>>> print(open('protein-v8.txt').read())   # compact mmCIF, C-alpha atoms
# COMPACT_ATOMS: atom_id res chain seq x y z
CA MET A 968 -5.61 -34.00 60.63
CA LYS A 969 -6.34 -34.44 56.98
CA PHE A 970 -3.63 -34.64 54.40
CA GLN A 971 -4.09 -33.74 50.80
CA PRO A 972 -3.11 -36.51 48.45
CA THR A 973 0.13 -35.67 46.78
CA LYS A 974 1.62 -36.51 43.42
CA PRO A 975 4.59 -38.85 43.23
CA ASP A 976 6.99 -35.88 42.86
CA GLY A 977 5.55 -34.33 46.00
CA ARG A 978 4.05 -31.13 44.48
CA ASN A 979 0.45 -30.16 44.01
CA ARG A 980 -0.28 -29.65 40.32
CA VAL A 981 -3.02 -27.46 38.90
CA GLN A 982 -4.43 -29.00 35.76
CA LEU A 983 -5.38 -26.53 33.03
CA ASN A 984 -7.46 -27.77 30.16
CA LEU A 985 -6.24 -25.94 27.08
CA ALA A 986 -8.23 -27.91 24.53
CA SER A 987 -11.01 -25.34 24.07
CA MET A 988 -8.56 -22.46 23.83
CA ILE A 989 -6.56 -24.25 21.19
CA ASP A 990 -9.79 -24.91 19.28
CA VAL A 991 -10.64 -21.22 19.30
CA VAL A 992 -7.10 -20.24 18.34
CA PHE A 993 -7.11 -22.64 15.39
CA LEU A 994 -10.49 -21.36 14.26
CA LEU A 995 -9.16 -17.80 14.34
CA LEU A 996 -6.07 -18.90 12.43
CA ILE A 997 -8.17 -20.56 9.73
CA PHE A 998 -10.42 -17.49 9.51
CA PHE A 999 -7.52 -15.10 8.97
CA LEU A 1000 -5.82 -17.45 6.54
CA PHE A 1001 -8.95 -17.62 4.40
CA SER A 1002 -9.76 -13.92 4.63
CA SER A 1003 -6.24 -13.02 3.48
CA ILE A 1004 -6.52 -15.38 0.49
CA ILE A 1005 -9.86 -13.84 -0.52
CA THR A 1006 -8.14 -10.49 -1.16
CA PRO A 1007 -7.99 -10.51 -4.98
CA SER A 1008 -4.59 -10.74 -6.59
CA GLU A 1009 -3.63 -8.18 -9.16
CA SER A 1010 -1.74 -8.26 -12.40
CA GLN A 1011 -0.43 -5.47 -14.60
CA LEU A 1012 -0.14 -4.43 -18.23
CA THR A 1013 2.80 -2.32 -19.31
CA PRO A 1014 2.14 -0.42 -22.52
CA ASN A 1015 4.51 2.33 -23.60
CA ILE A 1016 3.23 5.86 -23.78
CA GLN A 1017 3.79 7.49 -27.13
CA THR A 1018 6.80 9.79 -27.11
CA GLN A 1019 8.39 12.12 -29.61
CA SER A 1020 11.13 9.59 -30.30
CA VAL A 1021 8.54 7.02 -31.35
CA ASN A 1022 7.13 9.52 -33.84
CA SER A 1023 10.50 10.35 -35.33
CA ALA A 1024 11.40 6.66 -35.58
CA SER A 1025 8.19 5.85 -37.36
CA ARG A 1026 8.78 8.65 -39.85
CA SER A 1027 12.12 7.23 -40.84
CA THR A 1028 10.62 4.00 -42.15
CA ASP A 1029 8.23 3.34 -44.97
CA PHE A 1030 5.97 1.30 -42.74
CA SER A 1031 4.03 2.54 -39.77
CA PRO A 1032 2.69 0.52 -36.83
CA GLN A 1033 -0.87 -0.70 -36.82
CA VAL A 1034 -3.28 1.58 -35.01
CA VAL A 1035 -6.16 0.15 -33.01
CA SER A 1036 -8.70 2.83 -32.21
CA VAL A 1037 -11.10 2.22 -29.38
CA GLU A 1038 -14.12 4.42 -29.90
CA LEU A 1039 -17.85 4.66 -29.52
CA VAL A 1040 -19.62 3.17 -32.52
CA ASP A 1041 -23.37 3.86 -32.47
CA GLY A 1042 -23.10 4.65 -28.78
CA GLN A 1043 -21.37 1.33 -27.98
CA PRO A 1044 -17.63 0.84 -27.46
CA GLY A 1045 -15.98 -0.82 -30.44
CA TYR A 1046 -12.61 -1.18 -32.14
CA ARG A 1047 -11.40 0.15 -35.47
CA ILE A 1048 -8.34 -0.87 -37.46
CA GLY A 1049 -8.03 1.25 -40.57
CA SER A 1050 -11.52 1.43 -41.99
CA ARG A 1051 -12.66 -1.82 -40.46
CA VAL A 1052 -14.97 -1.56 -37.48
CA ILE A 1053 -14.99 -4.48 -35.05
CA LYS A 1054 -17.55 -4.97 -32.32
CA GLN A 1055 -16.46 -8.31 -30.90
CA ARG A 1056 -13.27 -8.75 -28.95
CA SER A 1057 -12.66 -12.25 -30.32
CA GLU A 1058 -12.79 -10.82 -33.83
CA LEU A 1059 -10.25 -8.15 -32.88
CA LEU A 1060 -7.92 -10.78 -31.45
CA ALA A 1061 -8.15 -12.93 -34.58
CA LEU A 1062 -7.43 -9.92 -36.79
CA LEU A 1063 -4.48 -8.77 -34.66
CA LYS A 1064 -2.92 -12.24 -34.83
CA ASP A 1065 -2.82 -11.99 -38.63
CA LEU A 1066 -1.08 -8.60 -38.65
CA PRO A 1067 2.72 -8.24 -38.86
CA HIS A 1068 4.13 -7.95 -35.34
CA GLU A 1069 7.55 -6.39 -35.99
CA LEU A 1070 6.51 -2.73 -35.93
CA GLY A 1071 4.26 -3.05 -32.92
CA VAL A 1072 0.83 -1.60 -32.43
CA PHE A 1073 -0.56 1.74 -31.29
CA VAL A 1074 -3.69 1.85 -29.16
CA ARG A 1075 -5.60 5.11 -29.37
CA VAL A 1076 -8.62 5.49 -27.10
CA GLN A 1077 -11.40 8.05 -27.23
CA ASP A 1078 -12.04 9.95 -24.01
CA ALA A 1079 -15.62 8.74 -23.68
CA VAL A 1080 -14.83 5.03 -23.88
CA PRO A 1081 -14.86 3.21 -20.50
CA ILE A 1082 -11.38 2.37 -19.18
CA GLY A 1083 -12.23 -1.34 -19.18
CA PHE A 1084 -12.39 -1.36 -23.00
CA ALA A 1085 -9.11 0.55 -23.33
CA VAL A 1086 -7.31 -1.96 -21.11
CA GLY A 1087 -9.10 -4.79 -22.96
CA ALA A 1088 -7.66 -3.56 -26.26
CA ILE A 1089 -4.14 -3.51 -24.78
CA GLN A 1090 -4.65 -7.03 -23.43
CA CYS A 1091 -5.82 -8.19 -26.89
CA CYS A 1092 -2.63 -6.79 -28.45
CA ARG A 1093 -0.52 -8.62 -25.88
CA ASP A 1094 -2.50 -11.84 -26.35
CA ALA A 1095 -2.04 -11.56 -30.12
CA GLY A 1096 1.71 -11.61 -29.58
CA PHE A 1097 2.65 -7.94 -29.96
CA GLU A 1098 5.65 -7.04 -27.83
CA LYS A 1099 5.59 -3.34 -28.63
CA VAL A 1100 2.25 -1.95 -27.51
CA THR A 1101 2.11 1.83 -27.32
CA TYR A 1102 -0.72 3.78 -25.76
CA VAL A 1103 -1.46 7.03 -27.52
CA PRO A 1104 -3.20 9.50 -25.21
CA GLU A 1105 -5.80 11.50 -27.07
CA THR A 1106 -4.70 15.14 -27.17
CA LYS A 1107 -7.19 17.96 -27.02
CA MET B 780 -12.46 -56.14 52.10
CA ARG B 781 -10.20 -53.34 51.06
CA PHE B 782 -11.13 -50.79 48.47
CA THR B 783 -8.39 -49.11 46.60
CA ALA B 784 -8.62 -45.45 45.66
CA LYS B 785 -9.77 -44.88 42.10
CA GLN B 786 -6.64 -44.89 40.04
CA ARG B 787 -6.13 -41.94 37.80
CA VAL B 788 -4.55 -42.35 34.44
CA HIS B 789 -1.77 -39.80 34.21
CA LEU B 790 -1.19 -38.48 30.73
CA PRO B 791 2.35 -37.49 29.88
CA ASP B 792 2.91 -33.78 30.44
CA LEU B 793 2.84 -31.86 27.20
CA ASP B 794 4.25 -28.34 27.21
CA LEU B 795 2.08 -26.36 24.81
CA THR B 796 3.51 -22.95 25.61
CA ALA B 797 5.78 -22.77 22.57
CA MET B 798 3.04 -23.91 20.20
CA ILE B 799 0.57 -21.37 21.54
CA ASP B 800 3.21 -18.66 21.20
CA VAL B 801 3.74 -19.57 17.55
CA ILE B 802 0.01 -19.69 16.86
CA PHE B 803 -0.53 -16.26 18.39
CA LEU B 804 2.35 -14.88 16.36
CA LEU B 805 0.80 -16.31 13.19
CA ILE B 806 -2.56 -14.78 14.07
CA ILE B 807 -1.00 -11.39 14.67
CA PHE B 808 0.93 -11.68 11.37
CA PHE B 809 -2.17 -12.50 9.32
CA MET B 810 -4.24 -9.82 11.05
CA THR B 811 -1.72 -7.09 10.34
CA THR B 812 -0.92 -8.15 6.77
CA ALA B 813 -4.63 -8.34 5.89
CA GLN B 814 -5.06 -4.78 7.15
CA PHE B 815 -2.03 -3.55 5.20
CA VAL B 816 -3.41 -5.05 1.99
CA GLU B 817 -6.67 -3.22 2.51
CA ARG B 818 -4.91 0.06 3.22
CA ALA B 819 -2.67 -0.16 0.15
CA ARG B 820 -5.56 -0.70 -2.20
CA ALA B 821 -8.40 1.67 -2.73
CA GLU B 822 -11.76 0.04 -3.32
CA LEU B 823 -12.38 0.15 -7.03
CA GLU B 824 -13.33 -2.17 -9.86
CA LEU B 825 -10.23 -3.00 -11.85
CA PRO B 826 -10.42 -4.17 -15.49
CA LYS B 827 -10.87 -7.95 -15.51
CA GLU B 828 -7.85 -8.88 -17.59
CA GLU B 829 -5.09 -11.44 -17.26
CA GLY B 830 -2.28 -8.90 -17.54
CA GLU B 831 1.27 -9.91 -18.30
CA LYS B 832 3.15 -12.98 -17.21
CA ASP B 833 6.37 -11.27 -16.15
CA VAL B 834 6.05 -8.01 -14.31
CA ARG B 835 9.09 -7.01 -12.31
CA ALA B 836 9.20 -3.98 -10.07
CA VAL B 837 12.63 -2.35 -9.90
CA VAL B 838 11.86 0.27 -7.28
CA PRO B 839 8.70 0.70 -5.20
CA PRO B 840 6.44 2.40 -7.71
CA LEU B 841 4.08 5.32 -7.29
CA VAL B 842 0.56 3.86 -7.22
CA ILE B 843 -2.21 6.16 -8.41
CA ASN B 844 -5.77 4.98 -7.88
CA ILE B 845 -8.46 6.54 -10.05
CA LEU B 846 -12.09 6.28 -9.03
CA ALA B 847 -14.85 6.08 -11.63
CA GLN B 848 -16.17 9.56 -10.89
CA GLY B 849 -15.87 12.64 -8.70
CA THR B 850 -13.61 15.68 -8.70
CA ASN B 851 -11.27 14.26 -6.08
CA ARG B 852 -11.10 10.94 -7.86
CA TYR B 853 -7.37 10.30 -7.41
CA ILE B 854 -6.15 8.40 -4.36
CA VAL B 855 -2.45 8.12 -3.60
CA GLY B 856 -1.61 6.32 -0.39
CA GLU B 857 -4.64 7.12 1.69
CA GLN B 858 -5.00 10.66 0.43
CA GLN B 859 -7.79 11.62 -1.95
CA MET B 860 -6.91 14.47 -4.32
CA ASP B 861 -7.83 16.23 -7.55
CA GLN B 862 -5.98 16.15 -10.87
CA ALA B 863 -3.83 19.22 -10.17
CA ALA B 864 -2.66 17.75 -6.87
CA VAL B 865 -1.76 14.41 -8.43
CA LYS B 866 0.23 16.19 -11.15
CA ASN B 867 2.11 18.14 -8.48
CA LEU B 868 2.81 14.90 -6.69
CA ILE B 869 4.22 13.31 -9.87
CA ASP B 870 6.45 16.35 -10.38
CA ARG B 871 7.69 16.10 -6.79
CA GLU B 872 8.39 12.36 -7.15
CA ILE B 873 10.31 12.94 -10.40
CA ALA B 874 12.31 15.75 -8.77
CA ARG B 875 13.07 13.49 -5.78
CA LEU B 876 14.20 10.68 -8.08
CA LYS B 877 16.50 13.03 -9.98
CA SER B 878 17.93 14.51 -6.78
CA ASP B 879 18.73 10.95 -5.65
CA GLY B 880 20.76 10.50 -8.82
CA GLY B 881 18.14 8.50 -10.73
CA SER B 882 17.01 9.01 -14.30
CA ILE B 883 13.52 9.55 -15.63
CA GLY B 884 13.64 6.07 -17.20
CA GLU B 885 13.61 4.60 -13.71
CA PHE B 886 10.38 6.34 -12.76
CA GLU B 887 7.82 3.67 -11.99
CA VAL B 888 4.13 4.42 -11.92
CA VAL B 889 1.23 2.02 -11.55
CA ILE B 890 -2.24 3.26 -12.40
CA ARG B 891 -5.13 1.46 -10.78
CA ALA B 892 -8.15 2.80 -12.61
CA ASP B 893 -11.78 1.84 -12.13
CA GLN B 894 -12.89 0.14 -15.33
CA ARG B 895 -16.22 2.02 -15.34
CA GLY B 896 -14.59 5.45 -15.57
CA PRO B 897 -14.05 7.20 -18.91
CA SER B 898 -10.68 6.77 -20.63
CA GLN B 899 -10.27 10.54 -20.37
CA TRP B 900 -8.84 10.01 -16.88
CA ILE B 901 -5.97 7.84 -18.16
CA ASN B 902 -5.60 9.89 -21.36
CA ASP B 903 -5.01 13.04 -19.30
CA LEU B 904 -2.56 11.31 -17.01
CA GLY B 905 -0.78 9.60 -19.91
CA ALA B 906 -0.42 12.91 -21.77
CA PHE B 907 0.99 14.53 -18.63
CA LEU B 908 3.48 11.70 -18.07
CA ARG B 909 4.53 11.95 -21.71
CA GLU B 910 5.17 15.69 -21.26
CA ARG B 911 7.42 14.88 -18.31
CA GLY B 912 9.40 12.35 -20.34
CA VAL B 913 7.92 9.24 -18.75
CA TRP B 914 7.28 6.74 -21.52
CA ARG B 915 6.43 3.64 -19.56
CA TRP B 916 3.64 3.00 -17.09
CA ARG B 917 1.67 0.11 -15.74
CA LEU B 918 -2.05 -0.41 -15.69
CA ALA B 919 -3.31 -2.66 -12.94
CA THR B 920 -5.72 -5.44 -13.86
CA GLU B 921 -7.54 -8.10 -11.90
CA PRO B 922 -7.15 -11.60 -13.34
CA ALA B 923 -10.36 -13.59 -13.46
CA ARG B 924 -10.48 -16.42 -10.93
>>> encode(input="protein-v8.txt", output="structure tokens")
Amino acid sequence: MKFQPTKPDGRNRVQLNLASMIDVVFLLLIFFLFSSIITPSESQLTPNIQTQSVNSASRSTDFSPQVVSVELVDGQPGYRIGSRVIKQRSELLALLKDLPHELGVFVRVQDAVPIGFAVGAIQCCRDAGFEKVTYVPETK
Amino acid sequence: MRFTAKQRVHLPDLDLTAMIDVIFLLIIFFMTTAQFVERARAELELPKEEGEKDVRAVVPPLVINILAQGTNRYIVGEQQMDQAAVKNLIDREIARLKSDGGSIGEFEVVIRADQRGPSQWINDLGAFLRERGVWRWRLATEPAR
């Protein structure tokens, strides 16, 4: 009669090697961690939309807010403040920084201009230090 | 001469059950959250801008995605719709907010617009929101890495 060798505690133990499974599990964990980080983060800009109250308030003062128009100039998107036409964004930012900030700024965008330029103009106003940035939807 | 049986080195027993449970839970968490992120965001090219430093959401806002082109260019949730439908939806959301005792000033809307589309899309929506008394909105941007 042949006896199986027994462990000191008297029970047969099945040994299960978990090393490879843990390797795979960790690889999966790292994969999902990285893939979730790759999802781009988003930020937001919060301009006001022009309302009737803004109009009436602006009428009551002698000064009116600056208006940045984003429009197509010679087929290319550009910016206009008063009669001055600006093609470069850095130039717009420098000009906006020199303007008085108290009354805020209006951003008016032509329908044909790509949305990226409209949002870029709002970002420029924010970067220049304007707290009151109002988007003026073009009315037909 | 007496040969002894080859002695085995017994490693101390390590109970890995709890660790494996935790790891599987983490995997399931990251799998599901990654899918939720994809579902909440329509695939479009946002304007590459830094945005604002402090953006606080008071209530879960209405997120309107606008594709660069197409008649049914608006996506809310997972539903693609045209301009009339999105305006109806805004009206319904405003009515729901008011029926819950809220004011129009609390209406939160985030517009995620493809930067390649014409500004007409956001001009139309902005004019409509203005008509409804909404004076504040948010435009989603994607900060450069």
>>> interface_residues(input="protein-v8.txt", of="chain A", to="chain B", cutoff="7 Å", atoms="only C-alpha atoms", output="mmCIF file with C-alpha atoms, in the frame of the given file")
data_model
loop_
_atom_site.group_PDB
_atom_site.id
_atom_site.type_symbol
_atom_site.label_atom_id
_atom_site.label_comp_id
_atom_site.auth_asym_id
_atom_site.auth_seq_id
_atom_site.Cartn_x
_atom_site.Cartn_y
_atom_site.Cartn_z
ATOM 1 C CA LEU A 996 -6.070 -18.900 12.430
ATOM 2 C CA PHE A 999 -7.520 -15.100 8.970
ATOM 3 C CA LEU A 1000 -5.820 -17.450 6.540
ATOM 4 C CA SER A 1003 -6.240 -13.020 3.480
ATOM 5 C CA SER A 1008 -4.590 -10.740 -6.590
ATOM 6 C CA GLU A 1009 -3.630 -8.180 -9.160
ATOM 7 C CA SER A 1010 -1.740 -8.260 -12.400
ATOM 8 C CA GLN A 1011 -0.430 -5.470 -14.600
ATOM 9 C CA LEU A 1012 -0.140 -4.430 -18.230
ATOM 10 C CA THR A 1013 2.800 -2.320 -19.310
ATOM 11 C CA PRO A 1014 2.140 -0.420 -22.520
ATOM 12 C CA ASN A 1015 4.510 2.330 -23.600
ATOM 13 C CA ILE A 1016 3.230 5.860 -23.780
ATOM 14 C CA GLN A 1017 3.790 7.490 -27.130
ATOM 15 C CA THR A 1018 6.800 9.790 -27.110
ATOM 16 C CA VAL A 1076 -8.620 5.490 -27.100
ATOM 17 C CA GLN A 1077 -11.400 8.050 -27.230
ATOM 18 C CA ASP A 1078 -12.040 9.950 -24.010
ATOM 19 C CA ALA A 1079 -15.620 8.740 -23.680
ATOM 20 C CA VAL A 1080 -14.830 5.030 -23.880
ATOM 21 C CA PRO A 1081 -14.860 3.210 -20.500
ATOM 22 C CA ILE A 1082 -11.380 2.370 -19.180
ATOM 23 C CA GLY A 1083 -12.230 -1.340 -19.180
ATOM 24 C CA ALA A 1085 -9.110 0.550 -23.330
ATOM 25 C CA VAL A 1086 -7.310 -1.960 -21.110
ATOM 26 C CA GLY A 1087 -9.100 -4.790 -22.960
ATOM 27 C CA GLN A 1090 -4.650 -7.030 -23.430
ATOM 28 C CA PRO A 1104 -3.200 9.500 -25.210
ATOM 29 C CA GLU A 1105 -5.800 11.500 -27.070
#
>>> residues_near_point(input="protein-v8.txt", point="(8.0, -3.6, -34.8)", cutoff="9 Å", atoms="all atoms listed in the file", output="PyMOL selection string")
chain A and resi 1031-1032+1067-1072+1097-1099
>>> atom_distance(input="protein-v8.txt", atom1="atom CA of A:Lys1054", atom2="atom CA of A:Val1100")
20.6 Å
>>> closest_residue(input="protein-v8.txt", among="A:Arg1056, A:Asp1094, A:Phe1073, A:Ser1002", to="A:Val1034", atoms="only C-alpha atoms")
A:Phe1073
>>> atom_distance(input="protein-v8.txt", atom1="atom CA of B:Ala863", atom2="atom CA of B:Arg875")
18.4 Å
>>> atom_distance(input="protein-v8.txt", atom1="atom CA of B:Arg852", atom2="atom CA of B:Ala864")
10.9 Å
>>> residues_near_point(input="protein-v8.txt", point="(3.2, 9.4, -8.7)", cutoff="8 Å", atoms="only C-alpha atoms", output="number ranges by chain")
B: 840-843, 855, 865-866, 868-870, 872, 888
